[in-house]
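Trainee: Below you'll find the structure I mean.
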Amino acid sequence: MPPPSLAPFITKRPWLLNMLKPVAQLYANAAGYRQLGLRADDLISEENETVLQALKRLPAKESYDRVFRIRRAVQLSLSHKLLPKNEWTKPEEDVPYLGPLIEQLENEIKEREALDTLEVIKKH
């Protein structure tokens, strides 16, 4: 079960969203993954069964691009270098591609569990 999120609370209040958006952008830039050419969903750990299933559902091109970005980031990390600034991941390119698949799979699992525990009451 994912931890509770403040995102719905913040997005319903435009003044709070406008106040926290620059802080969020500063945090994303300070995290450093964009300087290595990664996207936020590239950082999701593959140790979860749901994530592994979501990775299998990715289109071939997206899966190849993900592996390329991760391998390039590992190589850059080992050589203690960063990408040139024109190759950094731009905020508009950093869109979720794995998160929606994970949510879809979690909903399917919940639905399957609900149907598996369904009790049929017979009326005579």
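Chain identifiers are assigned as A, B, and so on, following the order in which chains appear in the structure tokens; residues are numbered from 1 within each chain, and ligands are numbered from 1 in order of appearance.
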Which residues, written as a count of residues only, have at least one atom at most 10 Å from Leu101 of chain A, with only C-alpha atoms counted and residues fewer than 2 positions away on the same chain left out?

Mentor: 16

Trainee: Do a neighbour search on Leu6 of chain A at 12 Å with only C-alpha atoms, toss out local chain neighbours closer than 3 positions, and write the hits as a list in words.

Mentor: Pro3, Phe9, Ile10, Thr11, Lys12, Arg13, Leu16, Leu17 and Leu20 of chain A

Trainee: Quick one: residues within 7 Å of Gly37 of chain A, only C-alpha atoms, excluding same-chain residues fewer than 4 positions away - as JSON, numbers by chain?

Mentor: {"A": [33, 69, 73, 87, 88, 89]}

Trainee: At what distance in Å, to one decimal, does atom CA of Lys85 of chain A lie from atom CA of Lys21 of chain A?

Mentor: 22.4 Å

Trainee: How many Å separate atom CA of Ala28 of chain A from atom CA of Ala40 of chain A?

Mentor: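 Calculated distance between atom CA of Ala28 of chain A and atom CA of Ala40 of chain A is 8.8 Å.
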
Trainee: List every residue of chain A that DSSP, applied to the backbone, labels as helix (DSSP H, G or I), and write the result as a PyMOL selection string.

Mentor: chain A and resi 7-11+14-31+34-36+40-43+49-57+60-78+85-87+99-116

Trainee: Using atom CA of Arg39 of chain A and atom CA of Val95 of chain A as the two end points, give the distance in Å to one decimal.

Mentor: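 Between these atoms lies a distance of 7.4 Å.
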
Trainee: Ranking A:Leu115, A:Leu83, A:Leu52, A:Ile102 by minimum distance to Leu36 of chain A and counting only C-alpha atoms, which one comes first?

Mentor: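 Ranking A:Leu115, A:Leu83, A:Leu52, A:Ile102 by distance to Leu36 of chain A, first place goes to A:Leu83.
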